[in-house]
Amino acid sequence: MSTIAPVLRLGNDYINDNYSAKSWLLTTDHKRIGLLYLVTISFFFVIGGAAATVMRLELATPQADLVIPETYNKLFTMHGTIMVFFFLIPSIPATLGNFLIPLMVGARDMAFPRLNLASWYIFVFGSLFAIIALVAGGVDTGWTFYTPYSSTYTTTHVLAMAVGIVIAGFSSIFTGINIIITVHKMRAPGLTWFRLPLFVWSMYATSMILVLGTPVLAITLLLVAIESVFRVGIFDPRLGGDPILFQHLFWFYSHPAVYIMILPGMGVVSELITCFSRNSPFGYRFIAISSIAIAVFGFLVWGHHMFVSGQSVYDGMIFSLLSFVVAIPSAVKVFSWTATLYKGSISWETPMLYAMGFVALFTIGGLTGLMLATLPIDVHVTDTYFVVAHFHYIMVGGTIMAYLGGLHFWWPKITGRMYPEGLGKAAAIIVFIGFNLTFFPQFILGYEGMPRRYAEYDPSFQVLNVLSTAGASILAVGLIIPLFYFLWSTRFGKIAGDNPWGATGLEWQTSSPPPTHNFDHIPVVNHAPYEYETVRRFTPQTTTTVEEHEHG
Amino acid sequence: MWNQFFPEQASTLAPDVDGIFLAVLALALLFAIPVACLVVIFAIRYRRGAMRTRYVSVHEGRGKSRTWILETAWIVIPLCLAIGVFSWGASLYLRIYAMPANGMDIYVVAKQWMWEFQNPTGQTEINELHVPVGYPVRLTMISEDVIHSFYVPAFRIKRDVLPGTYSTAWFQATKTGTFKLECAEYCGTEHSRMLATVIVMDATQYQDWLSQRAIGGGTGVIPESSTGQSAQNGQETSGTMSDVGGELFQRLGCSSCHHPNGGGVGPSLVGIWGKQEKLEGGQTVMVDADYIRRSIYDPHSQLVAGYPPVMPTFQGQVDEQQLLDLTEYIRSLGSQEKQ
């Protein structure tokens with residue numbers, strides 16, 4: 001048992017250790033690298049969001065009046081590629097993951113600090129190609145780059161974009177390797193696998209996918225490049241290739257990529273719900289193992305993107321069945337989170353609002369995913385707005401809610417200062433309302449038969465599109481507010497203290513912000529995570545007082 | 001009340017697809033509503049500051065046995081329900097994919113950014129497809145360039161139209177009227193303008209339409225420039241698709257090797273449609289549109305056993321439309337197809 005006791009700070013923290021640009025650009029400190037990523041991906045989030053804003057404005061009317069169809073096609077491609085490859089995939093792993101994994105396992109840094117820095121440089125280098133592709137005139141293939149359109153028909157800058165994505169992919173692989181090795185080899189004494197925080201479990205599962213899946217994407221995009229430059233027949237039937245092959249290869253990576261985006265979110269939410277309900281998670285081992293199950297099964301469901309594309313009927317049936325199976329570990333998580341609230345002591349600070357928003361939106365996204373896994377329903381709604389709504393519920397409703405929730409939760413650890421609570425709550429509620437208003441009408445639009453990627457649409461769809469556009473503007477407001485108050489808080493926020501939430505994890509047992517070397521003494525772990533009792537009473541993992549209990 | 005959210009139901013499949021959708025929706029709500037209620041109840045009942053004996057100490061409560069019972073229940077029950085839904089969906093999917101044995105054929109050629117439909121009796125249409133109500137319509141579709149997708153929301157069917165391979169689909173309209181056909185696979189700049197209408201008529205009207213409609217590629221109401229197909233050969237052929245195909249068969253010199261009674265350099269094509277043909281190397285292949293297409297474009301890939309690899313490729317000389325004409329011609333030479 002322990003109450004919140006300040007940790008004696010020895011020397012500087014990682015931020016004011018050294019102010020020079022060089023000390024940031026050549027840092028091997030995982031915390032600084034996490035912040036470098038945070039700044040970089042925030043930049044891309046703004047670009048991707050701007051593209052989405054113009055698209056939604058264009059879709060306020062059925063005609064292509066704000067932008068011509070050609071521009072619209074480039075906008076949704078830009079929105080998709082930037083958001084998926086340069087924001088969502090690195091979002092939680094490269095920022096919060098980088099910052100927190102060594103702290104949570106009680107290590108002084110990642111296993112390979114220089115590889116970690118290299119991953120950021122590679123990411124930036126890859127993103128330069130993407131920016132060049134955009135500045136040179138854009139790409140109009142959609143983020144899925146379906147062949148033969150992308151390889152031999154389009155005249156836009158697919159090659160530069162593909163090269164950029166392949167290069168950025170290596171940064172994912174490096175991050176994945178680092179996390180896997182760090183979790184395996186650098187856990188503090190006493191920190192057994194089943195004492196790891198659930199965030200670490202989910203990041204471990206994510207890293208498995210990053211390391212195993214990303215090379216396939218790199219290979220696939222290189223094959224597209226080889227076909228379009230050297231005219232070797234791989235995907236284009238005119239050259240003797242098979243366009244369906246591309247879809248198999250692409251989704252073999254890109255479906256697991258969805259789990260790259262959502263698994264870290266699930267990890268964050270497990271941390272938030274336990275802390276703000278002052279309760280240990282219901283079924284810790286089930287939640288932990290379900291992350292691994294999702295990562296494994298996630299590799300076996302790629303064909304559910306291809307129920308109408310020409311794979312065999314029996315392939316379709318197998319992929320449908322497996323897609324139902326992969327829903328089970330996700331359902332286990334939702335049930336466990338709900339049960340964790342039972343007999344808790346729940347408070348509703350901003351991170352908890354985001355966490356419960358995540359549960360709601362992820363549940364809707366997951367259940368509509370089951371509809372899409374049902375073969376005949378998919379035949380009708382695939383490639384319509386139903387799918388668009390579904391994956392935004394998972395990727396925005398899920399990942400971004402968790403990302404924002406996590407940023408608020410760990411902001412005091414990262415910066416040493418609190419964000420403004422009132423504004424934080426307001427923004428969280430605005431985001432939730434704006435999000436639902438944007439994407440819920442799209443389910444109906446899709447079932448009514450509005451195909452995706454349409455610059456112009458039938459006037460009968462206008463009412464729902466206007467609602468969606470209205471929602472998008474609310475969502476935009478909700479997302480811009482945190483951008484400002486986070487910046488404001490780094491200077492004017494209330495000093496947070498080392499453990500403002502009274503949380504149990506190792507990251508809270510060091511100072512805020514932590515020193516460069518994280519811990520003055522490598523912590524010794526004596527407790528399971530999440531031994532919460534009440535607001536004031538909880539058992540940090542390092543506590544040595546004897547309350548002999550092995551839980552979890 | 002549901003009708004306003006659902007597109008019109010105009011095919012035999014539509015009510016079944018909507019039925020399973022409603023069932024899955026109901027099942028989804030069956031899960032979502034209790035979870036939502038529990039979250040709200042817990043949020044109020046166990047809010048911080050509410051005086052309630054809430055704390056189950058890690059030392060006393062949360063017994064492993066209780067956890068296991070609940071966890072097992074919420075793994076097994078959803079799994080069983082999921083497998084049930086899967087099976088229902090799979091059986092309907094099989095029905096969607098099983099081509100009806102009898103019905104009328106329509107050939108579809110998609111290209112950036114238009115739809116071309118041809119009836120075996122010769123009528124060609126652009127971005128309009130006339131079909132009779134209450135009769136199965138079988139589609140054989142191919143793309144001349146990128147991937148497109150044939151999507152008629154009112155019929156609840158969608159099928160990607162690929163370059164290089166025929167894809168098939170079918171529907172049976174249940175009411176007359178005009179229905180939207182949309183391209184559902186992103187295909188380039190004018191993707192959102194690649195629209196067509198399906199006009200479902202009653203049988204007698206349809207017969208009238210067929211007989212009034214001029215026959216043959218490029219003639220009739222459609223301006224020649226927009227079809228682009230028959231114009232390139234500089235000569236108009238008219239008649240049914242198999243007539244056109246038969247003329248092509250002569251003109252391209254196919255007939256000099258493929259004699260009707262055998263004995264030519266190549267195998268006779270009489271009666272081969274639908275047959276299992278034995279190949280050089282011992283495999284067999286079913287003679288269908290895809291096999292004929294392959295044999296014309298890449299003749300040596302699947303040689304019939306006993307014949308020398310001497311046929312030249314016709315890739316570049318025969319376009320998709322002409323391939324379909326040739327296919328119809330070969331089909332007209334007699335088949336093993338069950339009637």
# chains A, B, ... in the order shown; residues from 1 in each chain; ligands from 1

$ residues_around --residues "A:Gly138" --least-positions-apart "2" --cutoff "9 Å" --atoms "only C-alpha atoms" --output "tab-separated table (two decimals) with C-alpha atoms, in the first residue's frame"
chain	number	residue	atom	x	y	z
A	71	THR	CA	-8.88	16.69	-57.81
A	74	LYS	CA	-6.37	12.93	-55.55
A	75	LEU	CA	-7.79	14.25	-52.30
A	77	THR	CA	-5.96	9.20	-52.13
A	78	MET	CA	-3.94	11.76	-50.20
A	130	ALA	CA	5.20	11.18	-50.16
A	131	ILE	CA	5.37	14.96	-49.90
A	132	ILE	CA	7.19	15.15	-53.24
A	133	ALA	CA	4.45	13.00	-54.80
A	134	LEU	CA	1.81	15.35	-53.41
A	135	VAL	CA	3.58	18.56	-54.41
A	136	ALA	CA	4.34	17.23	-57.90
A	140	ASP	CA	-5.18	9.33	-57.84
A	156	THR	CA	0.02	10.36	-61.53
A	157	HIS	CA	2.97	9.98	-59.17
A	158	VAL	CA	2.38	6.46	-57.89
A	161	MET	CA	4.34	7.55	-53.25

$ closest_atom_pairs --of "chain B" --to "chain A" --cutoff "6 Å" --atoms "only C-alpha atoms" --output "Markdown table"
| residue | atom | partner | partner_atom | distance |
| --- | --- | --- | --- | --- |
| B:Phe6 | CA | A:Glu448 | CA | 5.5 |
| B:Pro7 | CA | A:Glu448 | CA | 4.9 |
| B:Ala28 | CA | A:Leu367 | CA | 5.9 |
| B:Phe42 | CA | A:Tyr342 | CA | 5.9 |
| B:Tyr46 | CA | A:Ser345 | CA | 5.4 |
| B:Arg47 | CA | A:Ile346 | CA | 4.5 |
| B:Arg48 | CA | A:Ser345 | CA | 4.7 |
| B:Arg54 | CA | A:Lys343 | CA | 4.3 |
| B:Tyr55 | CA | A:Lys343 | CA | 5.8 |
| B:Ala82 | CA | A:Phe324 | CA | 5.9 |
| B:Gly89 | CA | A:Leu375 | CA | 5.4 |
| B:Tyr93 | CA | A:Pro376 | CA | 5.3 |
| B:Val146 | CA | A:Tyr149 | CA | 5.4 |
| B:Pro153 | CA | A:Gly449 | CA | 5.2 |
| B:Arg156 | CA | A:His380 | CA | 4.9 |
| B:Ile157 | CA | A:His380 | CA | 5.7 |
| B:Lys158 | CA | A:Val379 | CA | 5.7 |
| B:Arg159 | CA | A:Val308 | CA | 5.0 |
| B:Asp160 | CA | A:Ser309 | CA | 4.9 |
| B:Gly164 | CA | A:Pro237 | CA | 5.4 |
| B:Ala184 | CA | A:Pro451 | CA | 5.5 |
| B:Thr189 | CA | A:Glu70 | CA | 5.2 |
| B:Ser192 | CA | A:Tyr454 | CA | 4.6 |

$ residues_around --residues "A:Leu245" --least-positions-apart "4" --cutoff "9 Å" --atoms "only C-alpha atoms" --output "JSON, numbers by chain"
{"A": [234, 235, 241, 249, 250]}

$ residues_around --residues "B:Phe117" --least-positions-apart "5" --cutoff "6 Å" --atoms "only C-alpha atoms" --output "list in words"
Tyr107, Val108, Thr124 and Glu125 of chain B

$ closest_residue --among "A:Val524, A:Ile181, A:Val39, A:Ala205" --to "A:Phe87" --atoms "only C-alpha atoms"
A:Val39
